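Shown next: work.csv, containing CSV, C-alpha atoms and all ligand atoms.
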chain,number,residue,atom,x,y,z
A,223,MET,CA,0.0,0.0,0.0
A,224,PRO,CA,1.4,3.5,-0.9
A,225,ALA,CA,2.6,5.6,2.1
A,226,THR,CA,0.0,8.3,1.3
A,227,ASN,CA,-2.9,5.9,1.8
A,228,ALA,CA,-1.4,4.7,5.1
A,229,GLN,CA,-1.1,8.3,6.3
A,230,THR,CA,-4.7,9.1,5.3
A,231,MET,CA,-5.9,6.2,7.4
A,232,SER,CA,-3.6,7.2,10.3
A,233,SER,CA,-5.0,10.7,10.5
A,234,THR,CA,-8.6,9.5,10.1
A,235,ALA,CA,-8.0,7.1,12.9
A,236,SER,CA,-6.5,9.7,15.1
A,237,ASP,CA,-9.7,11.8,14.9
A,238,THR,CA,-11.9,9.0,16.4
A,239,ARG,CA,-9.6,7.1,18.8
A,240,ASP,CA,-9.0,7.4,22.5
A,241,PRO,CA,-5.4,8.3,23.4
A,242,CYS,CA,-3.0,5.3,23.6
A,243,VAL,CA,-3.5,3.4,26.8
A,244,VAL,CA,0.3,3.2,27.3
A,245,CYS,CA,1.7,6.6,26.3
A,246,GLY,CA,-1.2,8.9,25.6
A,247,GLY,CA,-0.2,9.2,22.0
A,248,THR,CA,-2.9,10.0,19.4
A,249,ASP,CA,-1.2,8.9,16.2
A,250,PHE,CA,-2.0,5.4,15.0
A,251,VAL,CA,-1.3,3.3,11.9
A,252,ARG,CA,-3.0,0.1,10.7
A,253,ARG,CA,-1.0,-3.0,11.9
A,254,PHE,CA,-1.9,-5.0,8.8
A,255,PRO,CA,-2.7,-2.4,6.1
A,256,SER,CA,-3.5,-5.0,3.4
A,257,SER,CA,-6.1,-7.0,5.5
A,258,PRO,CA,-9.7,-6.0,5.0
A,259,GLU,CA,-11.4,-4.1,7.8
A,260,PRO,CA,-13.6,-6.2,10.1
A,261,ILE,CA,-17.3,-6.0,9.5
A,262,VAL,CA,-18.7,-5.5,13.0
A,263,GLY,CA,-21.5,-8.0,13.9
A,264,GLU,CA,-20.8,-10.4,11.1
A,265,LYS,CA,-19.0,-13.0,13.2
A,266,HIS,CA,-20.7,-12.7,16.6
A,267,ASP,CA,-23.8,-14.7,16.2
A,268,GLU,CA,-22.4,-17.7,18.1
A,269,PRO,CA,-22.0,-17.4,21.9
A,270,TYR,CA,-18.6,-16.7,23.3
A,271,ARG,CA,-16.5,-19.7,24.6
A,272,ILE,CA,-13.4,-19.4,26.7
A,273,THR,CA,-11.8,-22.1,24.6
A,274,HIS,CA,-12.7,-20.7,21.2
A,275,SER,CA,-9.7,-19.9,18.9
A,276,GLU,CA,-11.0,-19.8,15.4
A,277,ARG,CA,-12.3,-16.2,15.1
A,278,GLN,CA,-9.6,-13.9,13.8
A,279,LEU,CA,-10.2,-10.3,13.1
A,280,VAL,CA,-7.0,-8.6,12.2
A,281,GLY,CA,-7.9,-5.9,9.7
A,282,GLY,CA,-8.8,-3.3,12.3
A,283,ILE,CA,-5.8,-3.7,14.6
A,284,GLU,CA,-3.9,-0.4,15.0
A,285,ARG,CA,-0.5,0.5,16.4
A,286,CYS,CA,0.5,3.6,18.3
A,287,THR,CA,3.3,5.2,16.3
A,288,ASP,CA,4.9,6.6,19.6
A,289,CYS,CA,5.2,3.5,21.8
A,290,GLY,CA,4.2,0.5,19.5
A,291,MET,CA,1.1,-0.5,21.6
A,292,GLU,CA,-1.3,-2.4,19.4
A,293,PHE,CA,-5.1,-2.6,19.9
A,294,LEU,CA,-8.5,-3.2,18.3
A,295,PRO,CA,-10.3,0.1,18.4
A,296,LEU,CA,-13.6,0.3,20.4
A,297,SER,CA,-15.7,0.7,17.3
A,298,TYR,CA,-14.8,-2.8,16.3
A,299,GLN,CA,-15.5,-4.4,19.6
A,300,PRO,CA,-18.6,-6.5,19.7
A,301,ASP,CA,-21.3,-6.3,22.4
A,302,ALA,CA,-20.3,-8.5,25.3
A,303,SER,CA,-22.1,-11.8,25.1
A,304,TYR,CA,-19.7,-13.4,27.7
A,305,SER,CA,-22.0,-13.0,30.8
A,306,ASP,CA,-24.0,-16.0,29.8
A,307,ALA,CA,-21.2,-18.0,28.2
A,308,ALA,CA,-21.2,-21.8,28.8
A,309,ASP,CA,-18.1,-23.8,27.8
A,310,PRO,CA,-18.3,-27.5,28.7
A,311,TYR,CA,-15.0,-28.3,26.9
A,312,TYR,CA,-13.2,-25.9,29.3
A,313,LEU,CA,-14.3,-28.1,32.2
A,314,GLU,CA,-12.6,-31.1,30.6
A,315,GLN,CA,-9.3,-29.3,30.8
A,316,ALA,CA,-9.2,-29.2,34.6
A,317,ASP,CA,-6.0,-31.2,35.1
A,318,GLU,CA,-3.9,-29.2,32.6
A,319,ARG,CA,-5.3,-25.8,33.7
A,320,ILE,CA,-4.5,-26.6,37.4
A,321,ILE,CA,-1.0,-27.6,36.4
A,322,ASN,CA,-0.6,-24.3,34.4
A,323,SER,CA,-2.0,-22.3,37.3
A,324,HIS,CA,0.7,-23.7,39.6
A,325,ARG,CA,3.3,-22.7,37.1
A,326,LEU,CA,2.0,-19.1,37.2
A,327,LEU,CA,1.6,-19.1,41.0
A,328,ASP,CA,5.2,-20.3,41.3
A,329,LEU,CA,6.3,-16.8,40.2
A,330,ALA,CA,4.9,-15.0,43.3
A,331,PRO,CA,5.2,-15.5,47.0
A,332,SER,CA,2.5,-17.8,48.5
A,333,GLY,CA,0.2,-17.2,51.4
A,334,GLY,CA,-2.2,-14.5,52.4
A,335,ARG,CA,-5.3,-13.4,50.4
A,336,LEU,CA,-5.5,-13.9,46.7
A,337,LEU,CA,-8.0,-12.4,44.2
A,338,GLU,CA,-8.5,-13.6,40.7
A,339,ILE,CA,-10.3,-11.5,38.2
A,340,GLY,CA,-11.9,-13.5,35.4
A,341,CYS,CA,-11.5,-16.7,37.4
A,342,ALA,CA,-13.9,-18.8,35.2
A,343,VAL,CA,-14.8,-22.0,37.0
A,344,GLY,CA,-11.9,-21.5,39.5
A,345,PHE,CA,-9.1,-23.8,38.4
A,346,LEU,CA,-6.4,-21.3,39.5
A,347,LEU,CA,-8.3,-20.5,42.7
A,348,ARG,CA,-8.2,-24.2,43.6
A,349,ALA,CA,-4.5,-24.3,42.9
A,350,ALA,CA,-4.1,-21.2,45.1
A,351,ARG,CA,-6.2,-22.7,47.9
A,352,ASP,CA,-3.9,-25.8,47.8
A,353,ARG,CA,-0.9,-23.5,48.3
A,354,GLY,CA,-2.4,-22.0,51.4
A,355,PHE,CA,-4.1,-18.8,50.0
A,356,GLU,CA,-7.4,-17.6,51.2
A,357,THR,CA,-9.1,-17.0,47.8
A,358,VAL,CA,-11.7,-14.7,46.3
A,359,GLY,CA,-12.8,-14.7,42.6
A,360,VAL,CA,-14.7,-12.3,40.4
A,361,GLU,CA,-16.2,-13.7,37.2
A,362,MET,CA,-18.6,-12.3,34.6
A,363,SER,CA,-20.1,-15.6,33.4
A,364,GLU,CA,-23.0,-16.9,35.5
A,365,TRP,CA,-22.3,-20.4,34.2
A,366,ALA,CA,-18.7,-20.4,35.3
A,367,SER,CA,-19.1,-18.6,38.6
A,368,GLY,CA,-22.0,-21.0,39.5
A,369,ILE,CA,-19.7,-24.0,38.9
A,370,ALA,CA,-17.0,-22.4,41.0
A,371,ARG,CA,-19.3,-21.9,43.9
A,372,ASP,CA,-21.4,-25.1,43.7
A,373,GLN,CA,-18.9,-27.7,42.6
A,374,PHE,CA,-15.7,-26.3,44.0
A,375,ASP,CA,-16.9,-24.4,47.1
A,376,LEU,CA,-15.1,-21.2,46.1
A,377,ASP,CA,-15.9,-17.6,47.1
A,378,VAL,CA,-16.6,-16.3,43.6
A,379,ARG,CA,-18.7,-13.2,42.9
A,380,CYS,CA,-20.5,-12.9,39.6
A,381,GLY,CA,-20.0,-9.6,37.9
A,382,THR,CA,-17.3,-7.1,37.3
A,383,LEU,CA,-14.4,-6.2,39.6
A,384,GLU,CA,-16.0,-2.8,40.2
A,385,GLN,CA,-19.4,-4.4,41.1
A,386,ALA,CA,-17.6,-6.6,43.7
A,387,ALA,CA,-16.7,-3.4,45.6
A,388,LEU,CA,-13.8,-5.0,47.4
A,389,GLU,CA,-12.1,-3.5,50.3
A,390,ALA,CA,-9.0,-1.3,49.7
A,391,ASP,CA,-5.5,-2.7,50.7
A,392,SER,CA,-6.9,-6.2,51.3
A,393,PHE,CA,-5.1,-8.6,49.0
A,394,ASP,CA,-1.6,-9.9,48.9
A,395,VAL,CA,-1.9,-11.2,45.3
A,396,VAL,CA,-4.2,-10.3,42.4
A,397,VAL,CA,-4.2,-12.6,39.4
A,398,LEU,CA,-5.2,-11.4,35.9
A,399,ALA,CA,-4.6,-14.5,33.6
A,400,ASP,CA,-5.7,-14.4,30.0
A,401,VAL,CA,-7.9,-11.5,30.8
A,402,ILE,CA,-6.2,-8.1,30.2
A,403,GLU,CA,-6.3,-8.6,26.4
A,404,HIS,CA,-10.1,-8.9,26.7
A,405,LEU,CA,-10.7,-5.7,28.7
A,406,THR,CA,-12.2,-2.6,27.1
A,407,ASP,CA,-10.5,-0.3,29.6
A,408,PRO,CA,-7.4,-2.0,31.1
A,409,ALA,CA,-6.1,1.1,32.8
A,410,SER,CA,-9.2,1.5,35.0
A,411,THR,CA,-9.1,-2.2,35.9
A,412,VAL,CA,-5.4,-2.0,36.8
A,413,ARG,CA,-6.1,1.1,39.0
A,414,GLU,CA,-8.8,-0.8,40.8
A,415,ILE,CA,-6.4,-3.8,41.3
A,416,ARG,CA,-3.9,-1.4,42.7
A,417,ARG,CA,-6.5,0.0,45.1
A,418,VAL,CA,-7.4,-3.5,46.5
A,419,LEU,CA,-3.8,-4.7,46.8
A,420,LYS,CA,-2.0,-4.3,50.0
A,421,PRO,CA,1.1,-2.0,49.8
A,422,GLY,CA,3.8,-4.3,48.4
A,423,GLY,CA,1.2,-6.7,47.1
A,424,ARG,CA,1.7,-8.4,43.7
A,425,LEU,CA,-0.2,-8.3,40.5
A,426,VAL,CA,0.4,-11.6,38.6
A,427,LEU,CA,-0.5,-11.3,35.0
A,428,LEU,CA,-0.5,-13.6,31.9
A,429,THR,CA,-1.2,-12.4,28.4
A,430,PRO,CA,-0.1,-13.1,24.8
A,431,ASP,CA,3.1,-11.4,23.8
A,432,ALA,CA,2.5,-9.5,20.6
A,433,GLY,CA,6.1,-8.5,20.4
A,434,SER,CA,7.3,-12.2,20.5
A,435,LEU,CA,9.3,-13.7,17.7
A,436,LEU,CA,6.5,-16.1,16.9
A,437,ALA,CA,3.9,-13.3,16.7
A,438,LYS,CA,6.2,-11.4,14.3
A,439,LEU,CA,7.0,-14.5,12.2
A,440,LEU,CA,3.3,-15.5,11.8
A,441,GLY,CA,1.9,-12.0,11.2
A,442,THR,CA,-1.8,-12.1,10.6
A,443,ARG,CA,-1.8,-15.9,11.2
A,444,TRP,CA,-0.7,-15.6,14.8
A,445,TRP,CA,-3.3,-17.3,17.1
A,446,GLY,CA,-3.2,-14.4,19.5
A,447,LEU,CA,-5.0,-12.0,17.1
A,448,LEU,CA,-8.6,-12.7,18.0
A,449,ASP,CA,-11.8,-10.6,17.6
A,450,ASP,CA,-12.2,-10.5,21.4
A,451,HIS,CA,-8.5,-9.6,22.1
A,452,TYR,CA,-8.6,-5.8,22.2
A,453,PHE,CA,-5.1,-4.9,23.7
A,454,TYR,CA,-2.0,-6.5,22.3
A,455,PHE,CA,0.9,-5.9,24.8
A,456,SER,CA,4.6,-6.6,24.1
A,457,ARG,CA,7.1,-6.9,26.9
A,458,SER,CA,8.0,-3.2,26.5
A,459,THR,CA,4.5,-1.8,26.4
A,460,LEU,CA,3.4,-4.0,29.3
A,461,ARG,CA,6.3,-2.8,31.4
A,462,ARG,CA,5.7,0.8,30.6
A,463,PHE,CA,1.9,0.5,31.2
A,464,LEU,CA,2.3,-1.1,34.6
A,465,GLU,CA,5.0,1.4,35.7
A,466,ASN,CA,2.7,4.3,34.7
A,467,GLU,CA,0.1,2.8,36.9
A,468,GLY,CA,2.3,2.6,40.0
A,469,PHE,CA,3.8,-0.9,39.8
A,470,GLU,CA,7.4,-2.1,39.8
A,471,VAL,CA,7.9,-5.0,37.4
A,472,GLU,CA,9.7,-7.8,39.1
A,473,VAL,CA,9.3,-10.7,36.7
A,474,LEU,CA,8.6,-10.6,32.9
A,475,LYS,CA,9.2,-13.8,31.1
A,476,ALA,CA,7.8,-16.3,28.6
A,477,LEU,CA,5.8,-19.1,30.3
A,478,GLY,CA,5.2,-22.5,28.7
A,479,ARG,CA,1.9,-24.3,29.1
A,480,GLU,CA,0.8,-27.9,29.3
A,481,PHE,CA,-2.1,-29.3,27.3
A,482,PRO,CA,-2.9,-32.6,25.6
A,483,LEU,CA,-1.2,-33.0,22.3
A,484,SER,CA,-4.6,-32.9,20.6
A,485,HIS,CA,-5.1,-29.3,21.9
A,486,TRP,CA,-1.8,-28.1,20.4
A,487,LEU,CA,-2.6,-29.9,17.1
A,488,PHE,CA,-6.0,-28.2,17.0
A,489,LYS,CA,-4.2,-24.9,17.1
A,490,LEU,CA,-2.3,-26.0,14.0
A,491,THR,CA,-5.6,-25.9,12.0
A,492,GLN,CA,-5.2,-22.1,11.9
A,493,TYR,CA,-1.9,-22.4,10.1
A,494,SER,CA,-2.3,-25.4,7.9
A,495,GLU,CA,-5.4,-27.7,7.6
A,496,PHE,CA,-3.2,-30.2,5.7
A,497,ALA,CA,-0.4,-30.3,8.3
A,498,HIS,CA,-3.1,-30.6,11.1
A,499,ARG,CA,-4.8,-33.6,9.4
A,500,LEU,CA,-1.5,-35.3,8.7
A,501,ILE,CA,0.0,-34.9,12.3
A,502,ALA,CA,-3.3,-35.3,14.2
A,503,GLY,CA,-4.2,-38.5,12.3
A,504,GLY,CA,-0.7,-39.9,13.1
A,505,ALA,CA,-0.9,-39.0,16.8
A,506,GLU,CA,-4.3,-40.6,17.1
A,507,ALA,CA,-3.1,-43.7,15.3
A,508,VAL,CA,-0.3,-44.3,17.8
A,509,GLY,CA,-2.4,-43.2,20.8
A,510,LEU,CA,-0.5,-40.0,21.6
A,511,ALA,CA,-3.4,-37.5,21.1
A,512,GLU,CA,-4.3,-37.2,24.8
A,513,ARG,CA,-0.8,-37.3,26.2
A,514,ARG,CA,0.0,-34.0,27.9
A,515,VAL,CA,2.8,-32.0,26.3
A,516,SER,CA,4.4,-28.9,27.7
A,517,VAL,CA,5.1,-26.2,25.0
A,518,ASN,CA,6.8,-22.9,25.4
A,519,LEU,CA,6.6,-21.0,22.1
A,520,GLY,CA,7.8,-17.8,23.7
A,521,ASP,CA,4.6,-16.0,22.9
A,522,MET,CA,2.8,-16.1,26.3
A,523,MET,CA,4.3,-13.7,28.8
A,524,ALA,CA,3.9,-13.9,32.6
A,525,CYS,CA,4.5,-10.8,34.7
A,526,VAL,CA,4.7,-10.2,38.4
A,527,ALA,CA,4.5,-6.5,39.4
A,528,ARG,CA,4.7,-5.1,42.9
A,529,LYS,CA,2.4,-2.3,44.1
A,530,ASN,CA,4.7,0.7,44.9
A,601,ZN,ZN,1.4,4.7,22.7
Would you encode the structure as structure tokens?
Ligand SMILES: [Zn+2]
Amino acid sequence: MPATNAQTMSSTASDTRDPCVVCGGTDFVRRFPSSPEPIVGEKHDEPYRITHSERQLVGGIERCTDCGMEFLPLSYQPDASYSDAADPYYLEQADERIINSHRLLDLAPSGGRLLEIGCAVGFLLRAARDRGFETVGVEMSEWASGIARDQFDLDVRCGTLEQAALEADSFDVVVLADVIEHLTDPASTVREIRRVLKPGGRLVLLTPDAGSLLAKLLGTRWWGLLDDHYFYFSRSTLRRFLENEGFEVEVLKALGREFPLSHWLFKLTQYSEFAHRLIAGGAEAVGLAERRVSVNLGDMMACVARKN
């Protein structure tokens, strides 16, 4: 695309966008100028599922020319249908998700009170409880929060973090795992997290790394670019964002995750249907499909940040 067209788009975008969530900049360019713009509404007739991974929407993603922060502008974001989302397949992943939760919790000191925002059915809260934490969860989905309370006996409140109206300075750890990329206003959520954390308390955060080598190599085909992922942090933009909000970043690293081989192979369908059929068929034939495999592709980043 000629530079003049890109500049036209940039200035049009600047007129209608909120300032950059990281640096306050107001000049943006399309991340993938050759991809068609998303058509809002077209792809949202099916209900949201936590485990969905097939709906990509890359045409509208923009990048701040000052700091490199990438995001899907508000005008492309669908009406939330998550509050009544049910996702039975997610429940089948209990073992792996609890193992992965322990990996994340290994990064922060154990003990005291832990809050998880967007805790789903409470796999991480169960792991935290086993490590000696007193746990509280906040979850938008009535389906998921109901399971957390009824099946796992967890203190999980259905609604937003703000609706939970938690006490100031009352948590040692707040976890935001696979959540910040879905928020429409991450700055206000992080301010509320800071308010409820005790002085010196930790925010433990997990999100796709849009600046990772894999994300760069795969471009529009990277799995992390989804229509309900609004904010695409890199290590540098995440660090700057958290420091602006009064946190000191203590840990920032790629974190591997463990899932059955069939889960990783399913992700391959996004890149090559042929390769997926070939490898998945082979794995099933020799009985490996359900074996758990730990993979670290370097494109999921874990962060521990201390409240200053
Ligand atoms: Zn910026």
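Distance-wise, CA of Arg413 (chain A) and CA of Ala349 (chain A) end up 25.7 Å apart.
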d(CA of Pro408 (chain A), CA of Arg457 (chain A)) in Å: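 So the answer is 15.9 Å.
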- Message: List as a list in words the protein and nucleic acid residues lying within 10 Å of ligand ZN 601 (chain A), with only C-alpha atoms and all ligand atoms counted.
- Response: Pro241, Cys242, Val243, Val244, Cys245, Gly246, Gly247, Thr248, Asp249, Phe250, Arg285, Cys286, Thr287, Asp288, Cys289, Gly290, Met291, Glu292, Thr459, Arg462 and Phe463 of chain A
Which residues, written as a JSON list (two decimals) with C-alpha atoms, keeping the file's coordinate frame, have at least one atom at most 6 Å from Leu419 (chain A), with all atoms listed in the file counted and residues fewer than 4 positions away on the same chain left out?
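The file below, result_12.json, is the result:
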[["chain", "number", "residue", "atom", "x", "y", "z"],
["A", 391, "ASP", "CA", -5.50, -2.70, 50.70],
["A", 392, "SER", "CA", -6.90, -6.20, 51.30],
["A", 393, "PHE", "CA", -5.10, -8.60, 49.00],
["A", 423, "GLY", "CA", 1.20, -6.70, 47.10]]
Counting only C-alpha atoms, note down every residue that has an atom within 10 Å of the point (-8.4, -1.2, 12.1) (file coordinates), as an NGL selection string. :A and (231-232 or 235 or 250-255 or 257-260 or 279-285 or 293-298)
**OP:** Quick one: pull the distance between CA of Pro482 (chain A) and CA of Ala342 (chain A), Å, one decimal.
**Re:**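 Interatomic distance, CA of Pro482 (chain A) to CA of Ala342 (chain A): 20.1 Å.
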Ser363 (chain A) proximity check over A:Asp450, A:Glu506, A:Asp309, A:Glu465, using only C-alpha atoms: winner is A:Asp309
Non-local contacts of Lys529 (chain A) (8 Å; only C-alpha atoms; under 4 positions in same chain excluded) as number ranges by chain | A: 416, 419-425, 468-470
Cut-off 12 Å around (1.6, -12.0, 13.9) with only C-alpha atoms: residues as a PDB file with C-alpha atoms, keeping the file's coordinate frame:
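Result file follows (part_9.pdb):
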ATOM      1  CA  ARG A 253      -1.000  -3.000  11.900  1.00  0.00           C
ATOM      2  CA  PHE A 254      -1.900  -5.000   8.800  1.00  0.00           C
ATOM      3  CA  GLN A 278      -9.600 -13.900  13.800  1.00  0.00           C
ATOM      4  CA  LEU A 279     -10.200 -10.300  13.100  1.00  0.00           C
ATOM      5  CA  VAL A 280      -7.000  -8.600  12.200  1.00  0.00           C
ATOM      6  CA  ILE A 283      -5.800  -3.700  14.600  1.00  0.00           C
ATOM      7  CA  GLU A 292      -1.300  -2.400  19.400  1.00  0.00           C
ATOM      8  CA  PRO A 430      -0.100 -13.100  24.800  1.00  0.00           C
ATOM      9  CA  ASP A 431       3.100 -11.400  23.800  1.00  0.00           C
ATOM     10  CA  ALA A 432       2.500  -9.500  20.600  1.00  0.00           C
ATOM     11  CA  GLY A 433       6.100  -8.500  20.400  1.00  0.00           C
ATOM     12  CA  SER A 434       7.300 -12.200  20.500  1.00  0.00           C
ATOM     13  CA  LEU A 435       9.300 -13.700  17.700  1.00  0.00           C
ATOM     14  CA  LEU A 436       6.500 -16.100  16.900  1.00  0.00           C
ATOM     15  CA  ALA A 437       3.900 -13.300  16.700  1.00  0.00           C
ATOM     16  CA  LYS A 438       6.200 -11.400  14.300  1.00  0.00           C
ATOM     17  CA  LEU A 439       7.000 -14.500  12.200  1.00  0.00           C
ATOM     18  CA  LEU A 440       3.300 -15.500  11.800  1.00  0.00           C
ATOM     19  CA  GLY A 441       1.900 -12.000  11.200  1.00  0.00           C
ATOM     20  CA  THR A 442      -1.800 -12.100  10.600  1.00  0.00           C
ATOM     21  CA  ARG A 443      -1.800 -15.900  11.200  1.00  0.00           C
ATOM     22  CA  TRP A 444      -0.700 -15.600  14.800  1.00  0.00           C
ATOM     23  CA  TRP A 445      -3.300 -17.300  17.100  1.00  0.00           C
ATOM     24  CA  GLY A 446      -3.200 -14.400  19.500  1.00  0.00           C
ATOM     25  CA  LEU A 447      -5.000 -12.000  17.100  1.00  0.00           C
ATOM     26  CA  LEU A 448      -8.600 -12.700  18.000  1.00  0.00           C
ATOM     27  CA  TYR A 454      -2.000  -6.500  22.300  1.00  0.00           C
ATOM     28  CA  SER A 456       4.600  -6.600  24.100  1.00  0.00           C
ATOM     29  CA  TYR A 493      -1.900 -22.400  10.100  1.00  0.00           C
ATOM     30  CA  ASP A 521       4.600 -16.000  22.900  1.00  0.00           C
TER      31      ASP A 521
END
I want to know what sits within 6 Å of region 318-333 of chain A, based on only C-alpha atoms, with residues of the same chain fewer than 6 positions away left out; could you give that as a short mmCIF file (atom, residue, chain, number, x, y, z; two decimals) with C-alpha atoms, in the coordinates of the input?
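Listed below is the output, result28.cif:
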data_model
loop_
_atom_site.label_atom_id
_atom_site.label_comp_id
_atom_site.auth_asym_id
_atom_site.auth_seq_id
_atom_site.Cartn_x
_atom_site.Cartn_y
_atom_site.Cartn_z
CA PHE A 345 -9.10 -23.80 38.40
CA LEU A 346 -6.40 -21.30 39.50
CA ALA A 349 -4.50 -24.30 42.90
CA GLY A 354 -2.40 -22.00 51.40
CA PHE A 355 -4.10 -18.80 50.00
CA ARG A 479 1.90 -24.30 29.10
CA GLU A 480 0.80 -27.90 29.30
CA PHE A 481 -2.10 -29.30 27.30
#
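Shortest separation to Val471 (chain A) among A:Ile415, A:Phe455, A:Asn530, A:Asn518 occurs at residue A:Asn530, atoms counted being all atoms listed in the file.
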- Message: Residues within 8 Å of Val397 (chain A), please, as a PyMOL selection string. Count all atoms listed in the file; anything in the same chain fewer than 6 positions from it doesn't count.
- Response: chain A and resi 336-339+425-427
Selection to disk with C-alpha atoms, as a tab-separated table (two decimals), in the coordinates of the input:
chain	number	residue	atom	x	y	z
A	336	LEU	CA	-5.50	-13.90	46.70
A	337	LEU	CA	-8.00	-12.40	44.20
A	338	GLU	CA	-8.50	-13.60	40.70
A	339	ILE	CA	-10.30	-11.50	38.20
A	425	LEU	CA	-0.20	-8.30	40.50
A	426	VAL	CA	0.40	-11.60	38.60
A	427	LEU	CA	-0.50	-11.30	35.00
Which is closest to Cys341 (chain A) among A:Leu313, A:Ile402, A:Val418, A:Met362, if we use all atoms listed in the file?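 Counting all atoms listed in the file, the residue closest to Cys341 (chain A) is A:Met362.
Using only C-alpha atoms, the nearest neighbour of Tyr452 (chain A) within the list A:Thr429, A:Ala476, A:Cys380, A:Tyr312 is A:Thr429.
The shortest atom-to-atom distance to Ser458 (chain A), with all atoms listed in the file taken into account, belongs to A:Met523 out of A:Arg514, A:Glu414, A:Met523, A:Asp394.
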